[in-house]
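Novice: Provided below: structure_13.pdb, containing PDB, C-alpha atoms.
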MODEL        1
ATOM      1  CA  MET Q   1      55.178 128.321 121.906
ATOM      2  CA  THR Q   2      54.196 125.746 124.484
ATOM      3  CA  GLU Q   3      53.903 122.255 123.098
ATOM      4  CA  MET Q   4      51.552 119.810 124.856
ATOM      5  CA  LEU Q   5      51.893 116.031 124.653
ATOM      6  CA  ALA Q   6      50.981 112.936 126.611
ATOM      7  CA  ASN Q   7      52.972 109.808 127.242
ATOM      8  CA  SER Q   8      52.899 106.954 129.737
ATOM      9  CA  VAL Q   9      55.508 104.476 130.920
ATOM     10  CA  LEU Q  10      55.961 102.179 133.910
ATOM     11  CA  LEU Q  11      58.652 103.143 136.373
ATOM     12  CA  PRO Q  12      59.249 101.761 139.897
ATOM     13  CA  GLN Q  13      59.211 105.104 141.692
ATOM     14  CA  PRO Q  14      56.983 107.181 143.984
ATOM     15  CA  SER Q  15      53.785 108.601 142.564
ATOM     16  CA  ILE Q  16      54.414 112.241 141.820
ATOM     17  CA  PHE Q  17      52.518 115.068 140.243
ATOM     18  CA  LEU Q  18      55.514 116.288 138.244
ATOM     19  CA  PRO Q  19      55.958 119.819 136.882
ATOM     20  CA  PHE Q  20      58.483 121.026 134.387
ATOM     21  CA  SER Q  21      59.555 124.283 132.887
ATOM     22  CA  SER Q  22      62.627 125.320 130.954
ATOM     23  CA  SER Q  23      63.843 128.523 129.401
ATOM     24  CA  ARG Q  24      63.491 126.982 125.936
ATOM     25  CA  SER Q  25      60.200 125.129 126.117
ATOM     26  CA  SER Q  26      57.415 123.973 128.403
ATOM     27  CA  ARG Q  27      55.689 120.656 128.019
ATOM     28  CA  SER Q  28      52.940 118.852 129.868
ATOM     29  CA  ILE Q  29      53.602 115.161 130.183
ATOM     30  CA  ARG Q  30      51.623 112.365 131.769
ATOM     31  CA  ARG Q  31      53.353 109.127 132.627
ATOM     32  CA  THR Q  32      52.448 106.131 134.728
ATOM     33  CA  PRO Q  33      54.851 104.582 137.237
ATOM     34  CA  LEU Q  34      53.034 102.371 139.741
ATOM     35  CA  VAL Q  35      50.186 104.902 139.589
ATOM     36  CA  MET Q  36      49.341 107.664 137.130
ATOM     37  CA  VAL Q  37      51.713 110.631 137.128
ATOM     38  CA  LYS Q  38      50.851 114.002 135.674
ATOM     39  CA  ALA Q  39      53.245 116.766 134.745
ATOM     40  CA  SER Q  40      52.231 120.396 134.544
ATOM     41  CA  ALA Q  41      53.886 123.140 132.570
ATOM     42  CA  LYS Q  42      55.296 125.115 135.471
ATOM     43  CA  PRO Q  43      57.185 124.018 138.616
ATOM     44  CA  SER Q  44      55.003 126.288 140.742
ATOM     45  CA  ASP Q  45      51.834 124.485 139.617
ATOM     46  CA  SER Q  46      50.180 121.845 141.817
ATOM     47  CA  VAL Q  47      52.537 118.993 142.603
ATOM     48  CA  SER Q  48      51.822 116.048 144.871
ATOM     49  CA  VAL Q  49      54.168 113.469 146.326
ATOM     50  CA  SER Q  50      53.248 110.169 147.903
ATOM     51  CA  THR Q  51      55.390 107.264 149.018
ATOM     52  CA  LYS Q  52      54.790 103.570 149.468
ATOM     53  CA  SER Q  53      55.843 104.010 153.093
ATOM     54  CA  LYS Q  54      53.795 107.176 153.535
ATOM     55  CA  SER Q  55      54.122 108.656 157.007
ATOM     56  CA  LYS Q  56      51.022 109.510 159.018
ATOM     57  CA  SER Q  57      51.941 113.178 159.004
ATOM     58  CA  SER Q  58      51.892 113.343 155.188
ATOM     59  CA  ASP Q  59      48.100 113.872 155.346
ATOM     60  CA  ALA Q  60      48.474 116.901 157.598
ATOM     61  CA  VAL Q  61      47.276 120.328 156.531
ATOM     62  CA  PHE Q  62      50.163 122.774 156.445
ATOM     63  CA  THR Q  63      49.931 126.485 157.133
ATOM     64  CA  ALA Q  64      52.500 129.217 157.629
ATOM     65  CA  PRO Q  65      53.579 129.849 161.247
ATOM     66  CA  ALA Q  66      51.297 132.196 163.184
ATOM     67  CA  GLY Q  67      52.052 135.828 162.422
ATOM     68  CA  PHE Q  68      54.445 134.873 159.635
ATOM     69  CA  LYS Q  69      55.397 137.585 157.156
ATOM     70  CA  PRO Q  70      57.979 137.001 154.410
ATOM     71  CA  PRO Q  71      61.025 139.235 154.895
ATOM     72  CA  GLU Q  72      62.117 141.871 152.434
ATOM     73  CA  PRO Q  73      65.163 140.757 150.407
ATOM     74  CA  LYS Q  74      68.454 142.297 151.487
ATOM     75  CA  ARG Q  75      71.341 141.812 149.124
ATOM     76  CA  PHE Q  76      74.373 140.126 150.702
ATOM     77  CA  ALA Q  77      73.012 140.766 154.196
ATOM     78  CA  VAL Q  78      73.967 138.308 156.943
ATOM     79  CA  LYS Q  79      71.632 137.959 159.900
ATOM     80  CA  PRO Q  80      73.311 138.652 163.261
ATOM     81  CA  GLY Q  81      74.771 135.480 164.715
ATOM     82  CA  LYS Q  82      74.876 133.685 161.330
ATOM     83  CA  LEU Q  83      78.241 134.877 159.985
ATOM     84  CA  LEU Q  84      80.111 131.731 161.046
ATOM     85  CA  ASP Q  85      77.518 129.577 159.291
ATOM     86  CA  VAL Q  86      77.970 131.513 156.063
ATOM     87  CA  LEU Q  87      81.762 131.377 156.320
ATOM     88  CA  GLY Q  88      81.656 127.637 157.022
ATOM     89  CA  ALA Q  89      79.540 127.081 153.921
ATOM     90  CA  ALA Q  90      81.843 129.332 151.865
ATOM     91  CA  ILE Q  91      84.867 127.186 152.769
ATOM     92  CA  GLY Q  92      83.309 124.350 150.803
ATOM     93  CA  VAL Q  93      82.928 126.543 147.716
ATOM     94  CA  LEU Q  94      86.614 127.468 147.867
ATOM     95  CA  LEU Q  95      87.771 123.861 148.346
ATOM     96  CA  ARG Q  96      85.684 122.833 145.348
ATOM     97  CA  LEU Q  97      87.355 125.575 143.256
ATOM     98  CA  GLY Q  98      84.095 127.421 142.729
ATOM     99  CA  THR Q  99      82.458 124.561 140.804
ATOM    100  CA  GLY Q 100      78.746 125.291 140.748
ATOM    101  CA  VAL Q 101      79.097 129.074 140.554
ATOM    102  CA  PHE Q 102      78.940 129.353 136.738
ATOM    103  CA  VAL Q 103      76.859 127.685 134.064
ATOM    104  CA  SER Q 104      78.715 125.852 131.281
ATOM    105  CA  GLY Q 105      80.097 128.179 128.614
ATOM    106  CA  TYR Q 106      79.813 131.212 130.883
ATOM    107  CA  SER Q 107      81.035 134.517 129.520
ATOM    108  CA  ALA Q 108      80.719 138.103 130.687
ATOM    109  CA  SER Q 109      81.186 141.436 128.989
ATOM    110  CA  PHE Q 110      80.910 145.068 130.064
ATOM    111  CA  VAL Q 111      78.125 147.003 128.367
ATOM    112  CA  SER Q 112      76.665 150.471 128.728
ATOM    113  CA  LYS Q 113      73.994 150.823 131.398
ATOM    114  CA  ASP Q 114      71.407 151.530 128.691
ATOM    115  CA  ALA Q 115      72.253 148.387 126.693
ATOM    116  CA  ILE Q 116      70.099 146.181 128.935
ATOM    117  CA  PRO Q 117      66.587 147.398 129.917
ATOM    118  CA  ALA Q 118      65.863 147.847 133.610
ATOM    119  CA  ASP Q 119      63.360 144.960 133.574
ATOM    120  CA  GLN Q 120      66.007 142.559 132.208
ATOM    121  CA  TYR Q 121      68.442 140.735 134.461
ATOM    122  CA  ALA Q 122      72.054 141.903 134.410
ATOM    123  CA  LEU Q 123      74.857 142.135 136.924
ATOM    124  CA  ARG Q 124      74.824 145.764 137.995
ATOM    125  CA  ILE Q 125      77.406 147.051 140.457
ATOM    126  CA  GLY Q 126      77.397 150.781 140.957
ATOM    127  CA  GLY Q 127      77.486 152.291 137.483
ATOM    128  CA  ILE Q 128      78.896 149.132 135.899
ATOM    129  CA  THR Q 129      76.673 146.760 133.899
ATOM    130  CA  VAL Q 130      77.827 143.271 132.990
ATOM    131  CA  LYS Q 131      76.074 141.102 130.430
ATOM    132  CA  GLU Q 132      76.328 137.380 131.250
ATOM    133  CA  THR Q 133      75.711 134.510 128.847
ATOM    134  CA  SER Q 134      76.185 130.752 128.796
ATOM    135  CA  THR Q 135      75.906 127.760 126.474
ATOM    136  CA  LEU Q 136      73.202 125.247 127.311
ATOM    137  CA  GLY Q 137      72.842 121.726 126.010
ATOM    138  CA  PRO Q 138      69.578 119.860 125.285
ATOM    139  CA  ARG Q 139      66.866 120.406 127.881
ATOM    140  CA  PRO Q 140      65.098 117.354 129.375
ATOM    141  CA  GLU Q 141      61.340 117.245 128.827
ATOM    142  CA  LYS Q 142      60.646 115.608 132.198
ATOM    143  CA  LEU Q 143      62.207 116.293 135.555
ATOM    144  CA  ILE Q 144      65.185 114.102 136.353
ATOM    145  CA  GLU Q 145      64.921 112.641 139.865
ATOM    146  CA  ILE Q 146      67.891 112.305 142.199
ATOM    147  CA  TYR Q 147      67.898 110.573 145.582
ATOM    148  CA  GLU Q 148      70.858 111.794 147.630
ATOM    149  CA  PHE Q 149      72.292 113.789 150.525
ATOM    150  CA  GLU Q 150      75.335 116.066 150.572
ATOM    151  CA  GLY Q 151      76.640 114.843 147.226
ATOM    152  CA  TYR Q 152      78.733 116.598 144.590
ATOM    153  CA  VAL Q 153      76.465 115.591 141.698
ATOM    154  CA  ARG Q 154      74.621 118.832 142.526
ATOM    155  CA  GLU Q 155      77.632 120.760 141.226
ATOM    156  CA  MET Q 156      77.236 119.195 137.767
ATOM    157  CA  VAL Q 157      73.500 119.866 137.869
ATOM    158  CA  THR Q 158      74.275 123.542 138.431
ATOM    159  CA  VAL Q 159      76.892 123.650 135.670
ATOM    160  CA  LEU Q 160      74.342 122.208 133.236
ATOM    161  CA  ASP Q 161      71.581 124.508 134.546
ATOM    162  CA  LEU Q 162      69.203 121.585 135.062
ATOM    163  CA  ASP Q 163      66.032 121.562 137.124
ATOM    164  CA  ILE Q 164      65.951 118.459 139.335
ATOM    165  CA  LEU Q 165      63.384 116.820 141.579
ATOM    166  CA  TYR Q 166      65.381 115.879 144.674
ATOM    167  CA  PHE Q 167      64.300 113.247 147.160
ATOM    168  CA  PRO Q 168      66.584 113.799 150.185
ATOM    169  CA  CYS Q 169      67.898 110.632 151.823
ATOM    170  CA  PRO Q 170      69.775 111.655 154.994
ATOM    171  CA  ARG Q 171      70.928 108.887 157.318
ATOM    172  CA  GLY Q 172      68.044 107.594 159.403
ATOM    173  CA  SER Q 173      65.308 108.977 157.162
ATOM    174  CA  PRO Q 174      62.199 106.767 156.781
ATOM    175  CA  ASN Q 175      60.641 107.560 153.415
ATOM    176  CA  PHE Q 176      62.925 107.667 150.392
ATOM    177  CA  ARG Q 177      65.841 105.466 151.444
ATOM    178  CA  PRO Q 178      63.643 102.331 151.313
ATOM    179  CA  MET Q 179      62.421 103.384 147.862
ATOM    180  CA  VAL Q 180      65.960 103.434 146.480
ATOM    181  CA  ASN Q 181      66.407  99.884 147.727
ATOM    182  CA  GLN Q 182      63.154  98.869 145.999
ATOM    183  CA  MET Q 183      64.050 100.586 142.727
ATOM    184  CA  GLY Q 184      67.742  99.769 142.428
ATOM    185  CA  GLY Q 185      68.241  96.793 144.711
ATOM    186  CA  LYS Q 186      70.468  98.508 147.279
ATOM    187  CA  GLN Q 187      70.596 101.552 149.521
ATOM    188  CA  GLN Q 188      73.404 103.505 147.921
ATOM    189  CA  PHE Q 189      73.505 107.193 147.124
ATOM    190  CA  PRO Q 190      73.226 109.127 144.938
ATOM    191  CA  TYR Q 191      70.679 107.319 142.789
ATOM    192  CA  MET Q 192      69.340 108.934 139.625
ATOM    193  CA  VAL Q 193      66.193 108.209 137.622
ATOM    194  CA  ASP Q 194      65.905 109.866 134.203
ATOM    195  CA  PRO Q 195      62.348 109.347 132.882
ATOM    196  CA  ASN Q 196      63.395 110.935 129.580
ATOM    197  CA  THR Q 197      65.602 107.970 128.673
ATOM    198  CA  GLY Q 198      64.602 105.228 131.111
ATOM    199  CA  VAL Q 199      68.112 105.273 132.624
ATOM    200  CA  SER Q 200      68.500 104.639 136.356
ATOM    201  CA  MET Q 201      71.940 104.503 137.958
ATOM    202  CA  TYR Q 202      74.107 104.741 141.063
ATOM    203  CA  GLU Q 203      77.630 106.229 141.431
ATOM    204  CA  SER Q 204      78.387 109.965 141.430
ATOM    205  CA  ASP Q 205      81.042 109.833 138.715
ATOM    206  CA  GLY Q 206      78.812 107.797 136.427
ATOM    207  CA  ILE Q 207      75.851 110.130 136.936
ATOM    208  CA  ILE Q 208      78.025 113.181 136.255
ATOM    209  CA  LYS Q 209      79.370 111.645 133.039
ATOM    210  CA  TYR Q 210      75.867 110.672 131.937
ATOM    211  CA  LEU Q 211      74.406 114.129 132.570
ATOM    212  CA  SER Q 212      77.304 115.866 130.819
ATOM    213  CA  GLU Q 213      76.912 113.716 127.712
ATOM    214  CA  LYS Q 214      73.122 113.798 127.588
ATOM    215  CA  TYR Q 215      72.426 117.409 128.595
ATOM    216  CA  GLY Q 216      75.742 119.164 127.928
ATOM    217  CA  ASP Q 217      78.602 118.975 125.468
ATOM    218  CA  GLY Q 218      80.255 116.030 127.194
ATOM    219  CA  THR Q 219      82.734 118.195 129.100
ATOM    220  CA  VAL Q 220      83.151 117.549 132.824
ATOM    221  CA  PRO Q 221      84.831 120.295 134.904
ATOM    222  CA  LEU Q 222      88.287 119.375 136.162
ATOM    223  CA  SER Q 223      87.195 119.446 139.805
ATOM    224  CA  LEU Q 224      84.575 116.776 139.010
ATOM    225  CA  SER Q 225      86.805 114.510 136.946
ATOM    226  CA  LEU Q 226      89.583 113.666 139.393
ATOM    227  CA  GLY Q 227      88.175 110.343 140.567
ATOM    228  CA  PRO Q 228      88.965 109.639 144.243
ATOM    229  CA  LEU Q 229      90.448 113.139 144.630
ATOM    230  CA  THR Q 230      87.064 114.629 143.746
ATOM    231  CA  ALA Q 231      85.426 112.584 146.509
ATOM    232  CA  ILE Q 232      88.141 113.581 148.980
ATOM    233  CA  THR Q 233      87.872 117.306 148.295
ATOM    234  CA  ALA Q 234      84.074 117.078 148.370
ATOM    235  CA  GLY Q 235      84.337 115.440 151.786
ATOM    236  CA  LEU Q 236      86.754 118.113 153.028
ATOM    237  CA  ALA Q 237      84.328 120.762 151.787
ATOM    238  CA  THR Q 238      81.806 119.647 154.412
ATOM    239  CA  ILE Q 239      84.204 120.218 157.310
ATOM    240  CA  GLY Q 240      83.205 123.853 157.662
ATOM    241  CA  ARG Q 241      79.624 122.750 158.302
ATOM    242  CA  LEU Q 242      80.502 119.882 160.684
ATOM    243  CA  GLY Q 243      78.422 117.307 158.870
ATOM    244  CA  LYS Q 244      75.246 119.354 158.495
ATOM    245  CA  GLY Q 245      72.804 117.883 155.989
ATOM    246  CA  ASN Q 246      73.743 114.260 156.708
ATOM    247  CA  LEU Q 247      71.412 113.186 159.525
ATOM    248  CA  TYR Q 248      67.627 113.038 159.553
ATOM    249  CA  THR Q 249      65.627 115.385 161.750
ATOM    250  CA  PRO Q 250      62.099 114.025 162.390
ATOM    251  CA  ALA Q 251      59.707 115.953 160.178
ATOM    252  CA  LYS Q 252      56.255 115.942 158.623
ATOM    253  CA  LEU Q 253      56.211 114.949 154.951
ATOM    254  CA  PRO Q 254      54.345 117.528 152.836
ATOM    255  CA  PRO Q 255      52.030 116.457 149.997
ATOM    256  CA  LYS Q 256      53.782 118.668 147.442
ATOM    257  CA  PRO Q 257      57.501 119.259 146.770
ATOM    258  CA  LEU Q 258      58.830 122.697 147.562
ATOM    259  CA  VAL Q 259      60.400 124.769 144.784
ATOM    260  CA  PHE Q 260      63.913 125.944 145.602
ATOM    261  CA  TRP Q 261      65.661 128.530 143.411
ATOM    262  CA  ALA Q 262      69.359 128.156 144.120
ATOM    263  CA  TYR Q 263      72.786 127.149 142.887
ATOM    264  CA  GLU Q 264      75.418 125.006 144.517
ATOM    265  CA  GLY Q 265      78.145 127.659 144.535
ATOM    266  CA  SER Q 266      76.230 129.955 146.900
ATOM    267  CA  PRO Q 267      76.937 129.513 150.638
ATOM    268  CA  PHE Q 268      73.532 131.048 151.420
ATOM    269  CA  CYS Q 269      71.809 128.427 149.256
ATOM    270  CA  LYS Q 270      73.882 125.648 150.793
ATOM    271  CA  LEU Q 271      72.634 126.500 154.288
ATOM    272  CA  VAL Q 272      69.001 126.169 153.195
ATOM    273  CA  ARG Q 273      69.685 123.011 151.209
ATOM    274  CA  GLU Q 274      71.153 121.345 154.305
ATOM    275  CA  VAL Q 275      67.879 121.871 156.172
ATOM    276  CA  LEU Q 276      65.758 120.659 153.240
ATOM    277  CA  VAL Q 277      67.824 117.454 153.312
ATOM    278  CA  GLU Q 278      67.787 117.003 157.085
ATOM    279  CA  LEU Q 279      63.983 117.367 157.138
ATOM    280  CA  GLU Q 280      63.697 114.981 154.159
ATOM    281  CA  LEU Q 281      61.643 117.528 152.213
ATOM    282  CA  PRO Q 282      61.259 116.722 148.501
ATOM    283  CA  HIS Q 283      62.085 119.778 146.446
ATOM    284  CA  ILE Q 284      62.435 120.892 142.869
ATOM    285  CA  GLN Q 285      65.662 122.812 142.556
ATOM    286  CA  ARG Q 286      65.575 125.440 139.847
ATOM    287  CA  SER Q 287      69.278 125.950 139.203
ATOM    288  CA  CYS Q 288      70.237 129.556 138.486
ATOM    289  CA  ALA Q 289      74.012 130.004 138.693
ATOM    290  CA  ARG Q 290      75.807 132.859 136.980
ATOM    291  CA  GLY Q 291      74.875 132.811 133.293
ATOM    292  CA  SER Q 292      71.565 131.009 133.803
ATOM    293  CA  PRO Q 293      68.589 132.365 131.820
ATOM    294  CA  LYS Q 294      66.422 131.429 134.805
ATOM    295  CA  ARG Q 295      67.730 134.510 136.578
ATOM    296  CA  GLN Q 296      65.465 136.485 134.281
ATOM    297  CA  GLU Q 297      62.582 134.115 135.077
ATOM    298  CA  LEU Q 298      62.943 134.727 138.814
ATOM    299  CA  LEU Q 299      63.258 138.474 138.275
ATOM    300  CA  MET Q 300      59.953 138.468 136.392
ATOM    301  CA  LYS Q 301      58.265 136.166 138.917
ATOM    302  CA  ALA Q 302      59.343 137.855 142.145
ATOM    303  CA  GLY Q 303      60.196 141.359 140.947
ATOM    304  CA  HIS Q 304      63.734 140.896 142.242
ATOM    305  CA  PHE Q 305      66.568 138.437 141.677
ATOM    306  CA  GLN Q 306      68.172 136.974 144.755
ATOM    307  CA  VAL Q 307      68.780 133.418 145.888
ATOM    308  CA  PRO Q 308      67.884 131.370 147.733
ATOM    309  CA  TYR Q 309      64.214 131.854 146.947
ATOM    310  CA  LEU Q 310      61.609 129.391 148.205
ATOM    311  CA  GLU Q 311      58.139 128.664 146.895
ATOM    312  CA  ASP Q 312      56.033 126.440 149.130
ATOM    313  CA  PRO Q 313      52.858 125.248 147.380
ATOM    314  CA  ASN Q 314      51.724 123.587 150.622
ATOM    315  CA  THR Q 315      51.256 126.902 152.422
ATOM    316  CA  GLY Q 316      51.379 129.491 149.637
ATOM    317  CA  VAL Q 317      54.501 131.082 151.123
ATOM    318  CA  ASN Q 318      57.107 132.572 148.753
ATOM    319  CA  MET Q 319      60.192 134.113 150.330
ATOM    320  CA  PHE Q 320      63.794 135.293 150.120
ATOM    321  CA  GLU Q 321      66.522 135.349 152.822
ATOM    322  CA  SER Q 322      68.322 132.152 153.832
ATOM    323  CA  ALA Q 323      68.167 132.529 157.624
ATOM    324  CA  GLU Q 324      64.430 133.256 157.566
ATOM    325  CA  ILE Q 325      63.783 130.400 155.116
ATOM    326  CA  ILE Q 326      65.540 128.009 157.507
ATOM    327  CA  GLU Q 327      63.439 129.220 160.440
ATOM    328  CA  TYR Q 328      60.284 128.881 158.353
ATOM    329  CA  LEU Q 329      61.120 125.302 157.278
ATOM    330  CA  LYS Q 330      61.817 124.184 160.827
ATOM    331  CA  GLN Q 331      58.692 125.817 162.250
ATOM    332  CA  THR Q 332      56.484 124.431 159.485
ATOM    333  CA  TYR Q 333      57.826 120.903 158.982
ATOM    334  CA  ALA Q 334      59.958 119.756 161.946
ATOM    335  CA  ALA Q 335      58.047 117.228 164.019
TER     336      ALA Q 335
ENDMDL
END
Translate the structure of the given file into structure tokens.
Specialist:
Amino acid sequence: MTEMLANSVLLPQPSIFLPFSSSRSSRSIRRTPLVMVKASAKPSDSVSVSTKSKSKSSDAVFTAPAGFKPPEPKRFAVKPGKLLDVLGAAIGVLLRLGTGVFVSGYSASFVSKDAIPADQYALRIGGITVKETSTLGPRPEKLIEIYEFEGYVREMVTVLDLDILYFPCPRGSPNFRPMVNQMGGKQQFPYMVDPNTGVSMYESDGIIKYLSEKYGDGTVPLSLSLGPLTAITAGLATIGRLGKGNLYTPAKLPPKPLVFWAYEGSPFCKLVREVLVELELPHIQRSCARGSPKRQELLMKAGHFQVPYLEDPNTGVNMFESAEIIEYLKQTYAA
């Protein structure tokens, strides 16, 4: 049953029309940072973003590119000419030991093909059916906000199966970097704001520890608990992409965050995420790694499970296929 409540607090952050949905509960929350903030029950509901340093283009009306038609999903298909991109992104997954592929407490078991109804998500390969489960910790009522670019905190977010409102802060970007300085006193990334507890903090390792204790069982995967070695391997993991996702590409700021169904252990998702960051596009990431109950949610919503999947409330476009999503984002938002 959906529980509705209202609450208001003061937080030094951008004014946002915040949505939230979880597999366990949905709540509608209203809080007041510098201006009133409303939260709706579903991430695909109306969401608006504004910034103190709002760009002129943020008032623009956005439409899908002329003649645009969302592509049909093709499982594990790689668009011609994009194989090296996918392989480069996959190198990072291997160097990070697959962290971000599975949700915490993941387990899998073989079952008969009739054990899981056809309208229920399951891993089906040929005549083999695999039932996947996981163990989730407490779910936050309000979206946690993270300001970052190319950071490994995203791996812990995926492990915990959290939905996050990301404000990308690539080098040279004009909108959200100054906000971090206003909120925390310095431009350092990542920076996390948890409106559920009032906690705001810098430092990747500290954020990972906090999230694991608050929204998990306190366990941090080995690959995320090695201190400087974690940072080194995370840096090496970007080599295959030659620094993609680090530098700002001039873009028009949309009024509403995009909704991005993805998980950090997928090279296809990583390619799209890089472009979302480079264009400084705020987005709600709905994490759905192996074992996530949100795989069933996407199956019911789109009639098919495949990631990445993008919902753009600014244009009404919903689409699969990483290469086509990237083309769409650049055509729609690049200045």
Novice: Applied to the shown file, which residues does the PyMOL selection byres ((chain Q and resi 193-207) around 8) return, written as a PyMOL selection string?
Specialist: chain Q and resi 140-146+151-153+184+188-192+208-211+224-225+227
Novice: Given the file above and the PyMOL selection byres ((chain Q and resi 283) around 10), which residues are selected, and can you give them as a PyMOL selection string?
Specialist: chain Q and resi 164-168+256-261+273+276-277+280-282+284-286+310-312
Novice: Taking into account all atoms listed in the file, which residue in the set Q:Phe320, Q:Leu242, Q:Phe62, Q:Ala108 is nearest to His304 (chain Q)?
Specialist: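 Smallest distance to His304 (chain Q) is found for Q:Phe320.
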Novice: Return the single residue from Q:Met319, Q:Ile326, Q:Ala289, Q:Ala251 that is closest to Lys69 (chain Q), with distances computed using only C-alpha atoms.
Specialist: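 Using only C-alpha atoms, Lys69 (chain Q) sits closest to Q:Met319.
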Novice: With the PyMOL selection byres ((chain Q and resi 85) around 10) as the selection, what would be picked from this file? Answer as a PDB file with C-alpha atoms, keeping the file's coordinate frame, please.
Specialist:
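Now in selection-v8.pdb:
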ATOM      1  CA  VAL Q  78      73.967 138.308 156.943  1.00  0.00           C
ATOM      2  CA  GLY Q  81      74.771 135.480 164.715  1.00  0.00           C
ATOM      3  CA  LYS Q  82      74.876 133.685 161.330  1.00  0.00           C
ATOM      4  CA  LEU Q  83      78.241 134.877 159.985  1.00  0.00           C
ATOM      5  CA  LEU Q  84      80.111 131.731 161.046  1.00  0.00           C
ATOM      6  CA  VAL Q  86      77.970 131.513 156.063  1.00  0.00           C
ATOM      7  CA  LEU Q  87      81.762 131.377 156.320  1.00  0.00           C
ATOM      8  CA  GLY Q  88      81.656 127.637 157.022  1.00  0.00           C
ATOM      9  CA  ALA Q  89      79.540 127.081 153.921  1.00  0.00           C
ATOM     10  CA  ALA Q  90      81.843 129.332 151.865  1.00  0.00           C
ATOM     11  CA  GLY Q 240      83.205 123.853 157.662  1.00  0.00           C
ATOM     12  CA  ARG Q 241      79.624 122.750 158.302  1.00  0.00           C
ATOM     13  CA  PRO Q 267      76.937 129.513 150.638  1.00  0.00           C
ATOM     14  CA  PHE Q 268      73.532 131.048 151.420  1.00  0.00           C
ATOM     15  CA  LEU Q 271      72.634 126.500 154.288  1.00  0.00           C
ATOM     16  CA  ALA Q 323      68.167 132.529 157.624  1.00  0.00           C
TER      17      ALA Q 323
END
Novice: Just checking: using all atoms listed in the file, which residue out of Q:Gln331, Q:Gln182, Q:Ser223, Q:Gln306 ends up closest to Glu72 (chain Q)?
Specialist: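 Among the listed residues, the smallest separation from Glu72 (chain Q) belongs to Q:Gln306.
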Novice: Which of these, Q:Gly127, Q:Pro65, Q:Pro70, Q:Gly92, has the shortest distance to Phe110 (chain Q) once you count only C-alpha atoms?
Specialist: Q:Gly127
Novice: With only C-alpha atoms as the counted atoms, please give the residues lying no more than 12 Å from Thr249 (chain Q), apart from itself and same-chain residues fewer than 4 positions off, as a list in words.
Specialist: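 So the residues in contact are Pro168, Cys169, Pro170, Arg171, Gly172, Ser173, Pro174, Lys244, Gly245, Leu253, Glu274, Val275, Leu276, Val277, Glu278, Leu279, Glu280, Leu281, Leu329, Lys330, Tyr333, Ala334 and Ala335 of chain Q.
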Novice: Would you pick out the contacts of region 94-100 of chain Q at 12 Å or less, using all atoms listed in the file, so that residues sharing its chain but fewer than 3 positions from it are not included, and give the list as a count of residues only?
Specialist: 52
Novice: Please, what distance in Å, to one decimal, runs between CA of Glu213 (chain Q) and CA of Gly137 (chain Q)?
Specialist: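 We find that CA of Glu213 (chain Q) and CA of Gly137 (chain Q) lie 9.1 Å from each other.
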Novice: Which one is closest to Gly316 (chain Q): Q:Ile125, Q:Leu299, Q:Thr63, Q:Glu132? Count only C-alpha atoms.
Specialist: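 For Gly316 (chain Q), the nearest of the given residues is Q:Thr63.
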Novice: Separation of CA of Thr129 (chain Q) and CA of Arg75 (chain Q), in Å?
Specialist: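 Atom-to-atom, CA of Thr129 (chain Q) to CA of Arg75 (chain Q), that is 16.9 Å.
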Novice: Distance CA of Ser109 (chain Q)-CA of Met300 (chain Q), one decimal place?
Specialist: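 Atom-to-atom, CA of Ser109 (chain Q) and CA of Met300 (chain Q) are spaced 22.7 Å apart.
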Novice: Taking (72.6, 143.4, 131.5) in the file's coordinates, which residues come within 9 Å, counting all atoms listed in the file, written as number ranges by chain?
Specialist: Q: 110-118, 120-124, 129-132
Novice: Between Q:Gly105, Q:Gly303, Q:Lys294, Q:Pro178, single out the one closest to Thr219 (chain Q), counting only C-alpha atoms.
Specialist: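 Checking each of Q:Gly105, Q:Gly303, Q:Lys294, Q:Pro178 against Thr219 (chain Q), counting only C-alpha atoms, the winner is Q:Gly105.
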